[in-house]
>>> print(open('structure.cif').read())   # mmCIF, C-alpha atoms and all ligand atoms
data_final
loop_
_atom_site.label_atom_id
_atom_site.label_comp_id
_atom_site.auth_asym_id
_atom_site.auth_seq_id
_atom_site.Cartn_x
_atom_site.Cartn_y
_atom_site.Cartn_z
CA MET A 1 0.80 15.30 -16.00
CA LEU A 2 -1.77 12.96 -14.43
CA ARG A 3 -5.03 14.88 -14.82
CA SER A 4 -6.46 12.56 -17.42
CA PRO A 5 -9.04 10.03 -16.21
CA ALA A 6 -7.07 7.40 -18.16
CA ALA A 7 -4.88 5.24 -15.93
CA PRO A 8 -1.30 6.55 -15.67
CA THR A 9 1.57 4.43 -16.92
CA ALA A 10 4.00 2.77 -14.49
CA GLU A 11 6.64 5.38 -15.45
CA GLN A 12 4.23 8.23 -14.59
CA VAL A 13 3.41 6.64 -11.22
CA GLN A 14 7.11 6.13 -10.45
CA SER A 15 7.97 9.71 -11.35
CA LEU A 16 5.00 11.04 -9.33
CA PHE A 17 6.10 9.23 -6.15
CA ASN A 18 9.71 10.30 -6.62
CA ARG A 19 8.56 13.95 -6.93
CA ILE A 20 6.29 13.96 -3.88
CA ALA A 21 8.67 12.02 -1.61
CA PRO A 22 9.85 15.03 0.47
CA ALA A 23 6.27 16.10 1.37
CA TYR A 24 4.55 12.71 1.39
CA ASP A 25 4.87 11.80 5.10
CA ARG A 26 3.89 15.27 6.34
CA LEU A 27 0.81 15.32 4.12
CA ASN A 28 -0.31 11.84 5.24
CA GLY A 29 0.00 12.82 8.89
CA TRP A 30 -2.01 16.04 8.47
CA LEU A 31 -4.71 14.60 6.26
CA SER A 32 -5.50 11.64 8.46
CA LEU A 33 -4.90 13.50 11.77
CA GLY A 34 -2.39 10.76 12.53
CA GLN A 35 -5.01 8.04 12.00
CA HIS A 36 -3.05 6.42 9.17
CA TRP A 37 -0.77 4.93 11.86
CA VAL A 38 -3.81 3.19 13.41
CA TRP A 39 -4.90 1.81 10.02
CA LYS A 40 -1.35 0.66 9.23
CA GLN A 41 -1.05 -1.07 12.61
CA MET A 42 -4.36 -2.81 11.89
CA ALA A 43 -2.93 -4.08 8.59
CA VAL A 44 0.18 -5.40 10.38
CA SER A 45 -2.03 -7.18 12.94
CA TRP A 46 -4.16 -8.70 10.16
CA SER A 47 -1.00 -9.96 8.40
CA GLN A 48 -0.27 -12.03 11.57
CA ALA A 49 3.45 -11.29 11.32
CA LYS A 50 5.21 -12.82 14.33
CA VAL A 51 8.57 -12.57 16.09
CA GLY A 52 11.26 -14.13 13.89
CA ASP A 53 9.17 -14.03 10.67
CA THR A 54 10.37 -13.02 7.21
CA CYS A 55 8.03 -10.34 5.87
CA LEU A 56 7.56 -8.12 2.84
CA ASP A 57 6.10 -4.61 2.71
CA LEU A 58 5.13 -4.08 -0.91
CA CYS A 59 5.02 -0.56 -2.39
CA CYS A 60 6.63 0.52 0.88
CA GLY A 61 7.12 4.19 -0.06
CA SER A 62 8.87 5.96 2.83
CA GLY A 63 8.48 2.82 4.92
CA ASP A 64 5.73 3.26 7.56
CA LEU A 65 4.40 -0.31 7.33
CA ALA A 66 7.86 -1.86 7.03
CA LEU A 67 8.91 0.00 10.20
CA LEU A 68 5.89 -1.42 12.05
CA LEU A 69 6.66 -4.90 10.68
CA GLY A 70 10.31 -4.52 11.73
CA LYS A 71 9.23 -3.89 15.33
CA GLN A 72 6.78 -6.79 15.15
CA VAL A 73 9.30 -9.42 13.92
CA GLY A 74 12.12 -8.17 16.17
CA SER A 75 15.83 -8.69 15.67
CA ALA A 76 15.34 -12.41 14.93
CA GLY A 77 13.15 -11.59 11.91
CA GLN A 78 13.66 -9.97 8.53
CA VAL A 79 11.65 -7.40 6.61
CA VAL A 80 12.07 -6.29 3.01
CA GLY A 81 10.54 -2.97 1.98
CA LEU A 82 10.13 -2.91 -1.81
CA ASP A 83 9.23 0.05 -4.01
CA PHE A 84 10.19 1.30 -7.46
CA ALA A 85 10.61 4.96 -6.43
CA GLU A 86 14.19 5.49 -5.27
CA ALA A 87 13.45 8.87 -3.61
CA GLN A 88 10.92 7.17 -1.33
CA LEU A 89 13.41 4.39 -0.49
CA ALA A 90 16.09 6.97 0.38
CA ILE A 91 13.76 8.50 2.99
CA ALA A 92 12.81 5.04 4.27
CA ALA A 93 16.49 4.14 4.76
CA GLN A 94 17.05 7.25 6.91
CA ARG A 95 14.19 6.19 9.19
CA SER A 96 15.32 2.61 9.90
CA TYR A 97 18.93 2.92 11.14
CA HIS A 98 17.80 1.49 14.52
CA LEU A 99 16.10 -1.56 12.92
CA PRO A 100 18.80 -3.57 11.08
CA GLN A 101 16.27 -6.35 10.38
CA ILE A 102 14.77 -4.12 7.65
CA ARG A 103 16.32 -3.84 4.20
CA TRP A 104 15.07 -1.67 1.36
CA GLN A 105 15.00 -2.90 -2.19
CA GLN A 106 14.10 -1.19 -5.44
CA GLY A 107 11.86 -3.42 -7.55
CA ASP A 108 8.60 -3.88 -9.40
CA ALA A 109 5.53 -5.14 -7.54
CA LEU A 110 4.40 -6.78 -10.79
CA ALA A 111 7.57 -8.88 -11.16
CA LEU A 112 8.86 -9.51 -7.66
CA PRO A 113 12.57 -10.38 -7.41
CA PHE A 114 11.99 -13.21 -4.91
CA PRO A 115 11.61 -17.00 -5.21
CA ASP A 116 8.22 -18.66 -4.62
CA GLN A 117 7.16 -19.08 -0.96
CA THR A 118 9.66 -16.60 0.54
CA PHE A 119 7.55 -14.66 3.06
CA ASN A 120 5.49 -15.56 6.15
CA ALA A 121 3.49 -12.34 5.87
CA ILE A 122 3.05 -9.46 3.43
CA THR A 123 1.64 -5.95 3.85
CA MET A 124 0.85 -3.30 1.26
CA GLY A 125 -0.38 0.23 2.05
CA TYR A 126 -1.94 2.39 -0.66
CA GLY A 127 -0.09 0.42 -3.33
CA LEU A 128 -2.74 -1.78 -4.94
CA ARG A 129 -4.62 1.30 -6.28
CA ASN A 130 -1.40 2.53 -7.86
CA VAL A 131 -0.14 -0.56 -9.67
CA THR A 132 -0.99 -0.78 -13.36
CA ASP A 133 -2.14 -4.42 -13.20
CA ILE A 134 -3.99 -5.45 -10.02
CA PRO A 135 -4.48 -9.16 -10.98
CA ALA A 136 -0.75 -9.49 -11.77
CA CYS A 137 0.15 -7.90 -8.43
CA LEU A 138 -2.16 -10.26 -6.51
CA SER A 139 -0.65 -13.25 -8.34
CA GLU A 140 2.84 -12.13 -7.37
CA ILE A 141 1.79 -11.75 -3.72
CA GLN A 142 0.30 -15.24 -3.86
CA ARG A 143 3.48 -16.66 -5.42
CA VAL A 144 5.97 -15.24 -2.89
CA LEU A 145 3.82 -15.92 0.19
CA ARG A 146 4.53 -19.18 2.05
CA SER A 147 1.73 -21.75 2.43
CA GLY A 148 -0.57 -20.65 5.24
CA GLY A 149 0.83 -17.10 5.10
CA LYS A 150 -1.29 -13.96 5.18
CA ALA A 151 -1.28 -10.67 3.29
CA ALA A 152 -3.02 -7.49 4.43
CA ILE A 153 -3.61 -4.80 1.82
CA LEU A 154 -4.67 -1.34 3.06
CA ASP A 155 -6.03 1.30 0.72
CA PHE A 156 -8.81 3.79 0.26
CA ASN A 157 -12.13 1.99 0.15
CA HIS A 158 -14.21 2.31 -3.01
CA PRO A 159 -17.58 2.51 -1.24
CA GLU A 160 -20.74 0.93 -2.61
CA ASN A 161 -22.83 3.07 -0.27
CA ALA A 162 -23.76 6.41 -1.92
CA PHE A 163 -23.65 8.35 1.37
CA VAL A 164 -20.13 7.13 2.25
CA GLU A 165 -19.02 7.79 -1.33
CA GLY A 166 -20.41 11.35 -1.15
CA PHE A 167 -18.56 12.00 2.11
CA GLN A 168 -15.36 10.55 0.73
CA GLN A 169 -15.57 12.70 -2.44
CA TRP A 170 -16.20 15.78 -0.28
CA TYR A 171 -13.17 14.93 1.88
CA LEU A 172 -10.91 14.42 -1.14
CA GLN A 173 -12.06 17.55 -3.01
CA THR A 174 -12.44 19.90 -0.05
CA ILE A 175 -9.69 18.83 2.34
CA MET A 176 -7.12 16.62 0.68
CA ILE A 177 -6.56 18.33 -2.64
CA PRO A 178 -6.45 21.89 -1.16
CA ALA A 179 -4.00 20.65 1.53
CA ALA A 180 -1.81 19.19 -1.21
CA LYS A 181 -2.09 22.52 -3.06
CA ASN A 182 -0.59 24.27 0.00
CA LEU A 183 2.48 22.07 -0.43
CA GLY A 184 2.61 22.88 -4.14
CA LEU A 185 1.34 19.42 -5.10
CA THR A 186 -2.04 20.19 -6.72
CA GLU A 187 -1.49 18.24 -9.91
CA GLU A 188 0.17 15.36 -8.12
CA TYR A 189 -2.84 14.82 -5.83
CA ALA A 190 -5.52 15.50 -8.44
CA TYR A 191 -4.89 11.92 -9.63
CA LEU A 192 -6.36 10.54 -6.38
CA VAL A 193 -10.02 10.95 -7.34
CA PRO A 194 -9.77 9.17 -10.72
CA SER A 195 -7.54 6.47 -9.21
CA LEU A 196 -10.24 5.74 -6.64
CA ALA A 197 -12.97 5.72 -9.28
CA ARG A 198 -11.03 3.01 -11.15
CA PHE A 199 -10.21 1.03 -7.99
CA PRO A 200 -12.27 -2.17 -7.52
CA THR A 201 -14.79 -2.28 -4.67
CA GLY A 202 -14.10 -4.58 -1.72
CA ALA A 203 -16.29 -7.31 -3.22
CA GLU A 204 -14.48 -7.02 -6.57
CA GLN A 205 -11.10 -7.19 -4.82
CA VAL A 206 -12.18 -10.41 -3.10
CA LYS A 207 -13.08 -11.94 -6.49
CA LEU A 208 -9.75 -10.89 -8.01
CA ALA A 209 -7.90 -12.40 -5.03
CA GLN A 210 -9.77 -15.68 -5.42
CA GLN A 211 -8.89 -15.71 -9.13
CA ALA A 212 -5.23 -15.18 -8.11
CA GLY A 213 -5.43 -18.40 -6.07
CA PHE A 214 -6.12 -17.24 -2.52
CA THR A 215 -8.28 -19.69 -0.58
CA GLU A 216 -9.43 -17.08 1.93
CA ALA A 217 -10.11 -13.46 1.01
CA VAL A 218 -12.05 -10.96 3.13
CA HIS A 219 -12.35 -7.20 2.67
CA TYR A 220 -12.93 -5.07 5.77
CA ALA A 221 -14.15 -1.48 5.46
CA ILE A 222 -12.59 0.64 8.24
CA ALA A 223 -12.51 4.33 9.21
CA ALA A 224 -16.25 4.78 8.65
CA GLY A 225 -15.94 3.17 5.22
CA MET A 226 -13.25 5.59 3.98
CA MET A 227 -10.50 2.95 4.02
CA GLY A 228 -10.42 -0.80 3.43
CA VAL A 229 -8.15 -3.74 4.24
CA LEU A 230 -8.13 -6.81 2.02
CA VAL A 231 -6.95 -9.78 4.11
CA LEU A 232 -5.73 -12.82 2.17
CA LYS A 233 -4.58 -16.28 3.19
CA LYS A 234 -2.64 -18.74 1.07
CA LYS A 235 -3.71 -22.38 1.39
CA SER A 236 -1.73 -24.30 4.06
C1 LIG B 301 0.67 5.92 -2.04
S1 LIG B 301 2.29 5.30 -1.92
C2 LIG B 301 2.20 4.32 -0.47
C3 LIG B 301 3.48 4.28 0.33
C4 LIG B 301 3.40 3.55 1.67
N1 LIG B 301 3.09 2.15 1.50
C5 LIG B 301 2.42 4.19 2.62
O1 LIG B 301 1.44 3.53 2.97
O2 LIG B 301 2.62 5.33 3.00
C6 LIG B 301 2.30 4.10 -3.22
C7 LIG B 301 3.69 3.56 -3.50
O3 LIG B 301 3.55 2.52 -4.48
C8 LIG B 301 4.73 2.53 -5.27
N2 LIG B 301 4.46 1.75 -6.49
C9 LIG B 301 3.43 1.90 -7.38
N3 LIG B 301 3.51 0.98 -8.34
C10 LIG B 301 4.59 0.21 -8.06
C11 LIG B 301 5.19 -0.92 -8.69
N4 LIG B 301 4.71 -1.46 -9.81
N5 LIG B 301 6.28 -1.47 -8.11
C12 LIG B 301 6.82 -0.96 -6.98
N6 LIG B 301 6.30 0.13 -6.35
C13 LIG B 301 5.20 0.70 -6.88
C14 LIG B 301 4.99 4.01 -5.48
O4 LIG B 301 6.31 4.27 -5.87
C15 LIG B 301 4.64 4.58 -4.10
O5 LIG B 301 5.78 4.72 -3.27
#
>>> encode(input="structure.cif", output="structure tokens", more="lines below")
Ligand SMILES: C[S@@+](CC[C@H](N)C(=O)[O-])C[C@H]1O[C@@H](n2cnc3c(N)ncnc32)[C@H](O)[C@@H]1O
Amino acid sequence: MLRSPAAPTAEQVQSLFNRIAPAYDRLNGWLSLGQHWVWKQMAVSWSQAKVGDTCLDLCCGSGDLALLLGKQVGSAGQVVGLDFAEAQLAIAAQRSYHLPQIRWQQGDALALPFPDQTFNAITMGYGLRNVTDIPACLSEIQRVLRSGGKAAILDFNHPENAFVEGFQQWYLQTIMIPAAKNLGLTEEYAYLVPSLARFPTGAEQVKLAQQAGFTEAVHYAIAAGMMGVLVLKKKS
């Protein structure tokens, strides 16, 4: 049960994403009118992943961003999609049979099972808001990224503008949560509003990234301020 405004534990988050796995992709497509693919492609472009690169998609869920990265790096590259929810990874694996450069790995974004400086580029979609320790997650991204590498982190934006915030709250309460209710997922999606309230603003995310050691950190609000992408570069 995730109704409480208190942050859920990692076990609650893991169990939530295992439960919603069968409906998750359909709901994302409906709710964004397919736009989430545009935002995810923007994140891949900002990560500057290139042909032949070794890349990580953190909190990959059912694998959208990893699939885009897989196409970007081609058969000479490698992509790891990492998540702790095995039901999401099982769906991801069914979607990537034609892209052998992608492998799926169960693991914790707060204790990544990779040596320092492993990846040329890293993406994360709607994961940072769900981890229980954002500074620890940013430090792990910094650790496993190669020097000069980039990370692009897409999530809902926590707007500072009251008008955008009002529109976003209306969208979540009037469109998103009722749509989730139609799929029998009312309680599961009710957690979205408090998770966004707790989520740092773009400016706060930039500060946290700098504290984690990133030399360049810029937050871009996209989709009329509803979404944001935090773009990070590790010192060359
Ligand atoms: C909202 S989903 C996003 C999935 C996918 N990236 C997308 O954009 O559609 C968030 C994902 O983060 C994963 N997650 C949350 N905390 C995690 C952690 N500490 N380690 C690994 N995965 C985590 C959840 O299991 C879930 O699949």
>>> axis_aligned_box(input="structure.cif", around="range 191-199 of chain A", padding_each_side="5 Å", output="JSON")
{"center_x": -8.9, "center_y": 6.5, "center_z": -8.8, "size_x": 18.1, "size_y": 20.9, "size_z": 14.8}
>>> residues_around(input="structure.cif", residues="Gly107 in chain A", least_positions_apart="4", cutoff="10 Å", atoms="all atoms listed in the file", output="list in words")
Leu58, Cys59, Gly81, Leu82, Asp83, Phe84, Ala85, Glu86, Ala111, Leu112 and Pro113 of chain A
>>> atom_distance(input="structure.cif", atom1="CA of Ala136 in chain A", atom2="CA of Trp46 in chain A")
22.2 Å
>>> atom_distance(input="structure.cif", atom1="CA of Arg129 in chain A", atom2="CA of Gly63 in chain A")
17.3 Å
>>> residues_around(input="structure.cif", residues="range 20-29 of chain A", least_positions_apart="3", cutoff="9 Å", atoms="only C-alpha atoms", output="list in words")
Ser15, Leu16, Phe17, Ser32, Leu33, Gly34, Gln35, His36, Trp37, Gly61, Ser62, Asp64, Ala85, Ala87, Gln88, Ile91, Met176, Ala179, Ala180, Leu183, Leu185 and Glu188 of chain A
>>> atom_distance(input="structure.cif", atom1="CA of Ser139 in chain A", atom2="atom C6 of ligand LIG 301 (chain B)")
18.3 Å
>>> closest_residue(input="structure.cif", among="A:Thr215, A:Thr118, A:Asn157, A:Ser45", to="Met227 in chain A", atoms="all atoms listed in the file")
A:Asn157
>>> residues_around(input="structure.cif", residues="Leu110 in chain A", least_positions_apart="5", cutoff="9 Å", atoms="all atoms listed in the file", output="number ranges by chain")
A: 131-134, 136-140
>>> write_last_selection(input="structure.cif", atoms="C-alpha atoms", output="PDB file, in the frame of the given file")
ATOM      1  CA  VAL A 131      -0.140  -0.560  -9.670  1.00  0.00           C
ATOM      2  CA  THR A 132      -0.990  -0.780 -13.360  1.00  0.00           C
ATOM      3  CA  ASP A 133      -2.140  -4.420 -13.200  1.00  0.00           C
ATOM      4  CA  ILE A 134      -3.990  -5.450 -10.020  1.00  0.00           C
ATOM      5  CA  ALA A 136      -0.750  -9.490 -11.770  1.00  0.00           C
ATOM      6  CA  CYS A 137       0.150  -7.900  -8.430  1.00  0.00           C
ATOM      7  CA  LEU A 138      -2.160 -10.260  -6.510  1.00  0.00           C
ATOM      8  CA  SER A 139      -0.650 -13.250  -8.340  1.00  0.00           C
ATOM      9  CA  GLU A 140       2.840 -12.130  -7.370  1.00  0.00           C
TER      10      GLU A 140
END
>>> closest_residue(input="structure.cif", among="A:Leu232, A:Ile141, A:Ala121, A:Leu154", to="ligand LIG 301 (chain B)", atoms="only C-alpha atoms and all ligand atoms")
A:Leu154
>>> closest_residue(input="structure.cif", among="A:Ala212, A:Ala197, A:Ala6, A:Ala223", to="Pro135 in chain A", atoms="all atoms listed in the file")
A:Ala212
